[in-house]
Amino acid sequence: MRQGQWETVIGLEIHVQLATRSKLFSGAPTAFGAEPNVQACAIDLGLPGVLPTINGEAVKMAVKFGLAAGATIARHSVFARKNYFYPDLPKGYQISQYELPIVSGGGIEIELDDGARKRINLIRAHLEEDAGKSVHDAFQAMSGIDLNRAGTPLIEIVTAPDLRSAREAVACMRKVHTLIRYLGISDGNMQEGSFRCDANVSLRPAGSTTLGTRTETKNLNSFRFTELAIEHEIERQRELLEVGQAITQETRLYDPERNETRPMRSKEEANDYRYFPDPDLLPLELDPETIETIRRDLPELPDARCGRFLRDYGLSPADSQQLAGARELADYFEAAVAAASGEAKLAANWIMGELTAALNRNNLGIGQCPIDAARLAGLILRIRDRTITGKAGKEVFDAMWESDLEADAIIESRGLRQVTDTGEIAAMVAETVAANPAQAEQYRNSPAEKRVKLIGYFVGQVMKKSRGKADPQQVNDLLRSLLEK
Amino acid sequence: MHRTSLKSLSDLLQRREISSQELTRFFLERTERFNPGINAFITLTGEHALKEARAADHRLQHGEAGPLTGIPIAHKDIFCTEGIRTTCASRMLDNFTAPYDATVVARLKDAGMVMIGKTNMDEFAMGSSTENSFYGPARNPWDESRVPGGSSGGSAAAIAAGMVPAATGTDTGGSIRQPAALCGITGLKPSYGRVSRYGMIAFASSLDQGGPMTRSAEDAAMILNAICGLDARDSTSAPQPGEDFTRDLDRDLSGIRIGLPREFFDARLDPAIGGLIMDAVRELERSGATLVDIDLPNTALAIPVYYVVAMAECSSNLSRYDGVRFGYRCENPADLMDLYCRSRGEGFGDEVKRRIMVGAYVLSAGYYDAYYLQAQKVRRLIRDDYRQAFAKVDVIAGPTTPSTAFRLHEKTDNPISMYLSDIYTVAVNLAGLPAISIPAGFLNRLPIGLQLIGDYFAESRLLNVAHRYQLATDWHRAAPETYA
C-alpha cells in the first residue's frame, strides 16, 4: 500500500494533577519541590492499619471538569484498587476508579489547521492517586524512593479515538490544558509533571472502520514531545505495515534525545491489575444539588469567552483566541479594556505586542506582570487621545515597566507630549528635505509604488528630530506635499 | 481480684480502696507467672503500664477519672500502638513500631485504661487456633494441650487465665467469638462500622471489626462505650449516635423474640453441643423471651463466600508488605523481583501465603466474575436472609462453634477442616451484624459458647439479652482450676 493510504487513529489519556492543597486520601501537602519524603504521611507511606479518606475538594474539581466538558456526572461512582507491585507504589495498589468513574462522556472542540472545528469525544474522566517517584541516578548501585508525590490527586481524561493526526492530538491536549487552567483545577505545569499524557496510536487502511493494533506511548510531558512522539510512532508503524509486518500491541516510551519510541512492555508481560472495589472507601455519592451548586460556580469557559471577544470587542478570530486562551490573560485584557474606556483593539495590540514580549523577555507570567491592567489602560488612553505617539508610547511603557509611575507622570516628566503645532513640524520637514537632496531627487524620479518605501526614510528622520513626539501621519502628509510639489 | 467485674474494679478504684498501680502490678505478676505456659502475649509492656497506672492514679485523685480509668487491658497485637511494636504475629512485622495509635487504642488510653501488653494471635488474624503465630501457639487455660481458638486466641486465653480483666480483639469471620467460646469468656463483635478500623491492621477490610473480649456482657458494654463511634479517619465507620450500652442491660426480656435458625440446629451440629445450646435458650425463655423457629436458607454458602471475599481483600491488603519501606526484608536481594519474592516468601507464614494466592486467583482476569463477583452476589443473599429474619425476631441464637477446643496440631494439616470451625460465625461478618458469644456450659470440662446475633446497631439489645442470661447463670464465672 502506498503512503497516504493509511489513516491514523489516536486516542489520548491525559493525566491532570489537581490543585488541591492536600492529597487525595490524606492530609499531607501536595506542594512541588520539597525535600524527598517530607510530604508523605503514614497514609501515603502505606503503613499498616492506616485508611484513606476522600478529599472533597478533589471531587469538586473533577465535577467541574466534567461539567465544563458537557459530560455526565455520576451520582454514584466507585473507587477501585489497581493492584501491582512497584517500589514507588507504597500500598501495592493504586486507588483509582474503574467500572464506575465520576465523569463519563462529554467532549471538547478543537480547531484544525484549516480553521475548521472538530469535536473530540471524551470517554470518561476518573479520579485517582499518583504514585511516588523512583530515583535511580542519585545513589550508587541503589535506587531511592521519593513518596512526596504518592497520593497526589489526578484526573485521568480518556478521549475517544477521534484524533487523526499528531497535530490534532496536540490541539486536543492544548484545549484540555486551557480548560483545566480556566477552571482553576490544575496549574497545568508540565515541567513539574502536573499535566502529562499517554498516546494510543494505530493505523488502518483509509476507509476501513475497524481499528488497527495500537501502541501506547507513555508519559509525554510537553506539547512538542507529544507531537514528535506521535509522528515518530506513525512513521514507525507505517514502515512496518508497508512491508507487511504486524504491529505488536505494547507500551512504549518516547526518548526525546533520540526522537524515537521504544518498547517498555508488551501485552504478554502486561500486569493483570486485579481491579476490585476498594472496601476501605464507600461509594462516592453526589446529590443533584451539589452538582448544580458547582455548575453555578463555573467560570465563563474559553470557547464562550473567545466568541464574546470576537463579537463584543470586534477582535480578529486569531486575537480573540490568543487572548481568551488563558484565563488570567483574558481577565487582564478585559480589565484593561474596561479602564481604557472600551478601547479594545489598542489594548489587544499592546497586550499581545509589547506586554507579552516584555513578559517573555523576563520569563514572567501575566500574573507577575509589573504593570497592572489599570496602569496599562492609562497609557492606552494617552495613545488613543493622541497625547503621545505610538513610538513615544513604547518609551513610556518601558519606563512604566521599570517603575510604579503612571503613564501621565512619565509623559510630563519626559516631555513626550505629541507635537501638534503644524508650523513646528513643517519646519522640521523642510529642514529634513533640504538636508537630503539626493534622496529627495530619487523620490521624485520614482514610480508611486517605490515612493512608499522611500518616504519612510524621511519620516524616520523627522521623527528622530522630534524625539518621537511628532504625529507620524502628519509628518507623512507634510512630506508628501513638499516632495511632490 | 482477677475474677472481679470491671464495674467492681472501677468502684474500688474510685473509692481509692486500691490504686491503679497496685491493680496493674497484681495483673502483671499473674501474667509473669502464667504467660510462659499459655503464651498469650507477644509483647509485655510492664514498665509502660506502670507509667500509665501512675497517670491513672493522678486522674483518680483529681476527680478526672472515668469508669475505666486505672483498669488494665491487653490489646491484640493487630492494633497499632505508638512507640510499642505491633507484629500482627508475623515475622514480616517483627521489627515494626507504628508512629500512631489505633483509634481503639487511643480511645481506651483516653478513658484511662492501662495497657499491660500485646496479645498473641494467628498471623494477620488468619486462622482459628492461634497456631499460625510467628511467636508460637497460644494455649487454652482449660487444657493446655488444646488451642484457645483464634485468631484473637491470645486475648481470650489471657482473660481465661486471669492475666488481664479485659482485652481487645478483632473479628473478621469469628475471631472474637470463636476464641471467646473456646476459652469460656464473653466476646462481642460489634456491627460493621460501629468501631473504627483506623490503626487496626487490615485482614479483610469489608469484614474486619474490633471489639471487646471480657468476662461478662456488662464488662463488654463498658468497653464498647469507650471504643465505639464515628472516626473521621475511617470512611467506613458509621455516623451512629453515641449511646450508653450499660443503660438497658437489666431490661426485662418479656416480649423479646429469639429466633432459632433451623440451619444452625441441623444434623451437622454435635448433638451434645446442640443440647447445651438448647438448655441456654430455654433459660432465656424462662426469663421471658419467646422462641421462634426461623430460616436462614443461604447459611451453607457462607463459608465459601467468606473465603472468596476475605482472601480477595487480604491479597490486596497485604501487598504493602514488600520489603521496601518497613518490616521484614530478605538478606542481599539480587534484584527487585528477588527482593519481593524472598521478603514475602520468608516474611509470611504458610496460611498467609495460601490466602494471598487464593485471593489473587479469585480477582484475576477471567476468574473475577466466577468467584469474586459471584461471592458478592451471594453475600447480598445472605444479608437478605438476616434482614428477613429480623423482621420476625429481635435476636438470633445458636452455637458459636461446632465443637469445643481442639488439640494443637489437630487441624493444622487440613486447612479446610480449620475453615469449617467458622461455620456459625462468618455469615455475621458477611452481613455486617453485631454478635456476641457468651459461656453456656461445659462439654467434657471444656467451655462452649452461646452465640447471639442482633440486628444492625442493636448491640444494646444483644448485651441486654446476654446480661440477663448471665444474671440467671454462672457459666461466665467459671475459671480453669490452675488459674482460679
# chains A, B, ... in the order shown; residues from 1 in each chain; ligands from 1
$ select_by_dssp --residues "region 179-414 of chain B" --states "alpha helix (DSSP H)" --output "ChimeraX atom specification"
/B:179-183,217-227,271-286,302-317,336-347,350-363,374-390
$ select_by_dssp --residues "region 110-160 of chain A" --states "strand (DSSP E or B)" --output "VMD selection string"
chain A and resid 110 to 111 117 to 129 133 to 135 144 to 146 153 to 159
$ write_last_selection --atoms "C-alpha atoms" --output "tab-separated table (two decimals), in the first residue's frame"
chain	number	residue	atom	x	y	z
A	110	ILE	CA	-10.53	21.77	18.65
A	111	GLU	CA	-9.62	23.99	15.74
A	117	ARG	CA	-13.68	22.97	14.13
A	118	LYS	CA	-13.85	19.36	15.21
A	119	ARG	CA	-15.46	17.76	18.21
A	120	ILE	CA	-13.38	15.26	20.14
A	121	ASN	CA	-15.49	12.98	22.30
A	122	LEU	CA	-14.39	12.03	25.76
A	123	ILE	CA	-15.00	8.52	27.03
A	124	ARG	CA	-14.50	9.24	30.71
A	125	ALA	CA	-12.54	11.07	33.34
A	126	HIS	CA	-11.79	9.44	36.67
A	127	LEU	CA	-10.16	10.33	39.95
A	128	GLU	CA	-7.02	8.52	41.00
A	129	GLU	CA	-3.95	8.92	43.18
A	133	LYS	CA	8.98	8.57	42.19
A	134	SER	CA	11.94	6.23	41.87
A	135	VAL	CA	15.32	7.96	41.82
A	144	GLY	CA	15.92	5.91	46.04
A	145	ILE	CA	12.18	6.32	46.52
A	146	ASP	CA	10.60	9.72	46.96
A	153	PRO	CA	-4.85	13.70	43.23
A	154	LEU	CA	-5.15	13.27	39.48
A	155	ILE	CA	-7.93	13.10	36.99
A	156	GLU	CA	-7.27	10.88	34.03
A	157	ILE	CA	-9.16	12.10	30.99
A	158	VAL	CA	-9.65	9.50	28.27
A	159	THR	CA	-10.60	10.67	24.78
$ atom_distance --atom1 "CA of Gln474 (chain A)" --atom2 "CA of Lys391 (chain A)"
14.1 Å
$ interface_residues --of "chain A" --to "chain B" --cutoff "6 Å" --atoms "only C-alpha atoms" --output "PyMOL selection string"
chain A and resi 48-50+53+91-92+274+279+281
$ residues_around --residues "Ser481 (chain A)" --least-positions-apart "3" --cutoff "12 Å" --atoms "only C-alpha atoms" --output "PDB file with N, CA, C and O atoms, in the first residue's frame"
ATOM      1  N   ALA A 426       6.231  71.396  10.220  1.00  0.00           N
ATOM      2  CA  ALA A 426       6.527  71.783   8.834  1.00  0.00           C
ATOM      3  C   ALA A 426       7.984  72.233   8.721  1.00  0.00           C
ATOM      4  O   ALA A 426       8.678  71.901   7.749  1.00  0.00           O
ATOM      5  N   VAL A 429      10.180  69.235   8.733  1.00  0.00           N
ATOM      6  CA  VAL A 429      10.056  68.540   7.445  1.00  0.00           C
ATOM      7  C   VAL A 429      10.908  69.246   6.394  1.00  0.00           C
ATOM      8  O   VAL A 429      11.694  68.616   5.655  1.00  0.00           O
ATOM      9  N   ALA A 430      10.804  70.534   6.354  1.00  0.00           N
ATOM     10  CA  ALA A 430      11.550  71.314   5.342  1.00  0.00           C
ATOM     11  C   ALA A 430      13.048  71.136   5.567  1.00  0.00           C
ATOM     12  O   ALA A 430      13.813  70.909   4.607  1.00  0.00           O
ATOM     13  N   VAL A 433      14.137  67.648   4.318  1.00  0.00           N
ATOM     14  CA  VAL A 433      14.186  67.523   2.847  1.00  0.00           C
ATOM     15  C   VAL A 433      15.402  68.269   2.305  1.00  0.00           C
ATOM     16  O   VAL A 433      16.142  67.766   1.449  1.00  0.00           O
ATOM     17  N   ARG A 444      11.451  61.820  -6.215  1.00  0.00           N
ATOM     18  CA  ARG A 444      10.674  62.472  -7.279  1.00  0.00           C
ATOM     19  C   ARG A 444      10.730  61.664  -8.570  1.00  0.00           C
ATOM     20  O   ARG A 444       9.805  61.673  -9.364  1.00  0.00           O
ATOM     21  N   ILE A 455       9.677  57.243   1.242  1.00  0.00           N
ATOM     22  CA  ILE A 455       9.184  58.290   2.156  1.00  0.00           C
ATOM     23  C   ILE A 455       9.414  57.877   3.605  1.00  0.00           C
ATOM     24  O   ILE A 455       9.590  58.734   4.484  1.00  0.00           O
ATOM     25  N   GLN A 474       0.874  63.073  10.385  1.00  0.00           N
ATOM     26  CA  GLN A 474       1.005  64.487  10.000  1.00  0.00           C
ATOM     27  C   GLN A 474       2.325  64.688   9.244  1.00  0.00           C
ATOM     28  O   GLN A 474       2.373  65.377   8.209  1.00  0.00           O
ATOM     29  N   VAL A 475       3.375  64.063   9.768  1.00  0.00           N
ATOM     30  CA  VAL A 475       4.690  64.165   9.128  1.00  0.00           C
ATOM     31  C   VAL A 475       4.609  63.619   7.710  1.00  0.00           C
ATOM     32  O   VAL A 475       5.091  64.237   6.745  1.00  0.00           O
ATOM     33  N   ASN A 476       3.965  62.484   7.581  1.00  0.00           N
ATOM     34  CA  ASN A 476       3.815  61.836   6.288  1.00  0.00           C
ATOM     35  C   ASN A 476       3.118  62.769   5.287  1.00  0.00           C
ATOM     36  O   ASN A 476       3.585  62.963   4.156  1.00  0.00           O
ATOM     37  N   ASP A 477       2.026  63.327   5.747  1.00  0.00           N
ATOM     38  CA  ASP A 477       1.253  64.222   4.864  1.00  0.00           C
ATOM     39  C   ASP A 477       2.085  65.419   4.411  1.00  0.00           C
ATOM     40  O   ASP A 477       2.105  65.790   3.222  1.00  0.00           O
ATOM     41  N   LEU A 478       2.797  66.023   5.386  1.00  0.00           N
ATOM     42  CA  LEU A 478       3.584  67.226   5.065  1.00  0.00           C
ATOM     43  C   LEU A 478       4.730  66.884   4.107  1.00  0.00           C
ATOM     44  O   LEU A 478       5.015  67.640   3.163  1.00  0.00           O
ATOM     45  N   GLU A 484       6.323  66.285  -3.430  1.00  0.00           N
ATOM     46  CA  GLU A 484       5.605  66.136  -4.690  1.00  0.00           C
ATOM     47  C   GLU A 484       5.197  67.488  -5.269  1.00  0.00           C
ATOM     48  O   GLU A 484       4.434  67.547  -6.228  1.00  0.00           O
ATOM     49  N   LYS A 485       5.716  68.530  -4.659  1.00  0.00           N
ATOM     50  CA  LYS A 485       5.340  69.875  -5.108  1.00  0.00           C
ATOM     51  C   LYS A 485       5.787  70.130  -6.545  1.00  0.00           C
ATOM     52  O   LYS A 485       6.879  69.712  -6.928  1.00  0.00           O
TER      53      LYS A 485
END
$ closest_residue --among "B:Leu60, B:Val465, B:Ala74, B:Ile176" --to "Arg257 (chain B)" --atoms "only C-alpha atoms"
B:Val465
$ residues_around --residues "Glu331 (chain B)" --least-positions-apart "6" --cutoff "10 Å" --atoms "only C-alpha atoms" --output "list in words"
Leu339, Arg342 and Ser343 of chain B
$ write_last_selection --atoms "all heavy atoms" --output "short mmCIF file (atom, residue, chain, number, x, y, z; two decimals), in the first residue's frame"
data_model
loop_
_atom_site.label_atom_id
_atom_site.label_comp_id
_atom_site.auth_asym_id
_atom_site.auth_seq_id
_atom_site.Cartn_x
_atom_site.Cartn_y
_atom_site.Cartn_z
N LEU B 339 13.97 -9.31 45.75
CA LEU B 339 13.59 -8.61 46.99
C LEU B 339 12.15 -8.91 47.35
O LEU B 339 11.83 -9.25 48.50
CB LEU B 339 13.80 -7.10 46.82
CG LEU B 339 13.22 -6.21 47.94
CD1 LEU B 339 14.10 -6.25 49.17
CD2 LEU B 339 13.04 -4.78 47.48
N ARG B 342 11.60 -13.03 47.98
CA ARG B 342 12.16 -13.59 49.22
C ARG B 342 11.65 -12.86 50.45
O ARG B 342 11.39 -13.49 51.48
CB ARG B 342 13.68 -13.62 49.14
CG ARG B 342 14.17 -14.80 48.28
CD ARG B 342 15.59 -15.21 48.63
NE ARG B 342 16.53 -14.17 48.23
CZ ARG B 342 17.40 -13.60 49.05
NH1 ARG B 342 17.46 -13.97 50.32
NH2 ARG B 342 18.21 -12.66 48.60
N SER B 343 11.50 -11.52 50.37
CA SER B 343 10.98 -10.82 51.55
C SER B 343 9.61 -11.35 51.92
O SER B 343 9.32 -11.63 53.09
CB SER B 343 10.89 -9.31 51.29
OG SER B 343 12.16 -8.78 51.06
#
$ atom_distance --atom1 "CA of Tyr457 (chain A)" --atom2 "CA of Lys394 (chain A)"
20.2 Å
$ closest_residue --among "A:Gly325, A:Gly105, A:Gly46, A:Gly184" --to "Asp297 (chain A)" --atoms "only C-alpha atoms"
A:Gly184
$ residues_around --residues "Gln14 (chain B)" --least-positions-apart "3" --cutoff "9 Å" --atoms "only C-alpha atoms" --output "number ranges by chain"
B: 9-11, 17-19, 60-61, 63, 65-67, 69
$ write_last_selection --atoms "N, CA and C atoms" --output "PDB file, in the first residue's frame"
ATOM      1  N   LEU B   9     -14.179  -3.320  89.887  1.00  0.00           N
ATOM      2  CA  LEU B   9     -12.816  -2.752  89.883  1.00  0.00           C
ATOM      3  C   LEU B   9     -12.896  -1.237  89.831  1.00  0.00           C
ATOM      4  N   SER B  10     -13.796  -0.748  88.994  1.00  0.00           N
ATOM      5  CA  SER B  10     -13.978   0.687  88.853  1.00  0.00           C
ATOM      6  C   SER B  10     -14.372   1.313  90.184  1.00  0.00           C
ATOM      7  N   ASP B  11     -15.318   0.649  90.894  1.00  0.00           N
ATOM      8  CA  ASP B  11     -15.758   1.162  92.200  1.00  0.00           C
ATOM      9  C   ASP B  11     -14.599   1.177  93.196  1.00  0.00           C
ATOM     10  N   GLU B  17      -9.882   2.392  97.225  1.00  0.00           N
ATOM     11  CA  GLU B  17      -9.569   1.239  98.083  1.00  0.00           C
ATOM     12  C   GLU B  17      -8.386   0.480  97.513  1.00  0.00           C
ATOM     13  N   ILE B  18      -8.146   0.731  96.243  1.00  0.00           N
ATOM     14  CA  ILE B  18      -6.972   0.159  95.591  1.00  0.00           C
ATOM     15  C   ILE B  18      -6.500   1.206  94.582  1.00  0.00           C
ATOM     16  N   SER B  19      -5.193   1.207  94.335  1.00  0.00           N
ATOM     17  CA  SER B  19      -4.707   2.157  93.320  1.00  0.00           C
ATOM     18  C   SER B  19      -4.532   1.414  91.999  1.00  0.00           C
ATOM     19  N   LEU B  60      -7.491   9.737  89.083  1.00  0.00           N
ATOM     20  CA  LEU B  60      -8.427   9.285  90.122  1.00  0.00           C
ATOM     21  C   LEU B  60      -8.381  10.210  91.341  1.00  0.00           C
ATOM     22  N   GLN B  61      -7.161  10.659  91.654  1.00  0.00           N
ATOM     23  CA  GLN B  61      -7.021  11.557  92.806  1.00  0.00           C
ATOM     24  C   GLN B  61      -7.659  12.916  92.546  1.00  0.00           C
ATOM     25  N   GLY B  63     -10.212  13.560  90.581  1.00  0.00           N
ATOM     26  CA  GLY B  63     -11.610  13.520  90.146  1.00  0.00           C
ATOM     27  C   GLY B  63     -11.779  13.651  88.647  1.00  0.00           C
ATOM     28  N   ALA B  65     -11.391  11.016  86.605  1.00  0.00           N
ATOM     29  CA  ALA B  65     -11.428   9.648  86.113  1.00  0.00           C
ATOM     30  C   ALA B  65     -12.787   9.287  85.536  1.00  0.00           C
ATOM     31  N   GLY B  66     -12.763   8.413  84.542  1.00  0.00           N
ATOM     32  CA  GLY B  66     -13.989   7.835  84.006  1.00  0.00           C
ATOM     33  C   GLY B  66     -14.144   6.433  84.552  1.00  0.00           C
ATOM     34  N   PRO B  67     -15.191   5.726  84.123  1.00  0.00           N
ATOM     35  CA  PRO B  67     -15.455   4.388  84.680  1.00  0.00           C
ATOM     36  C   PRO B  67     -14.354   3.367  84.391  1.00  0.00           C
ATOM     37  N   THR B  69     -10.985   4.210  84.044  1.00  0.00           N
ATOM     38  CA  THR B  69      -9.665   4.736  84.407  1.00  0.00           C
ATOM     39  C   THR B  69      -8.968   3.853  85.442  1.00  0.00           C
TER      40      THR B  69
END
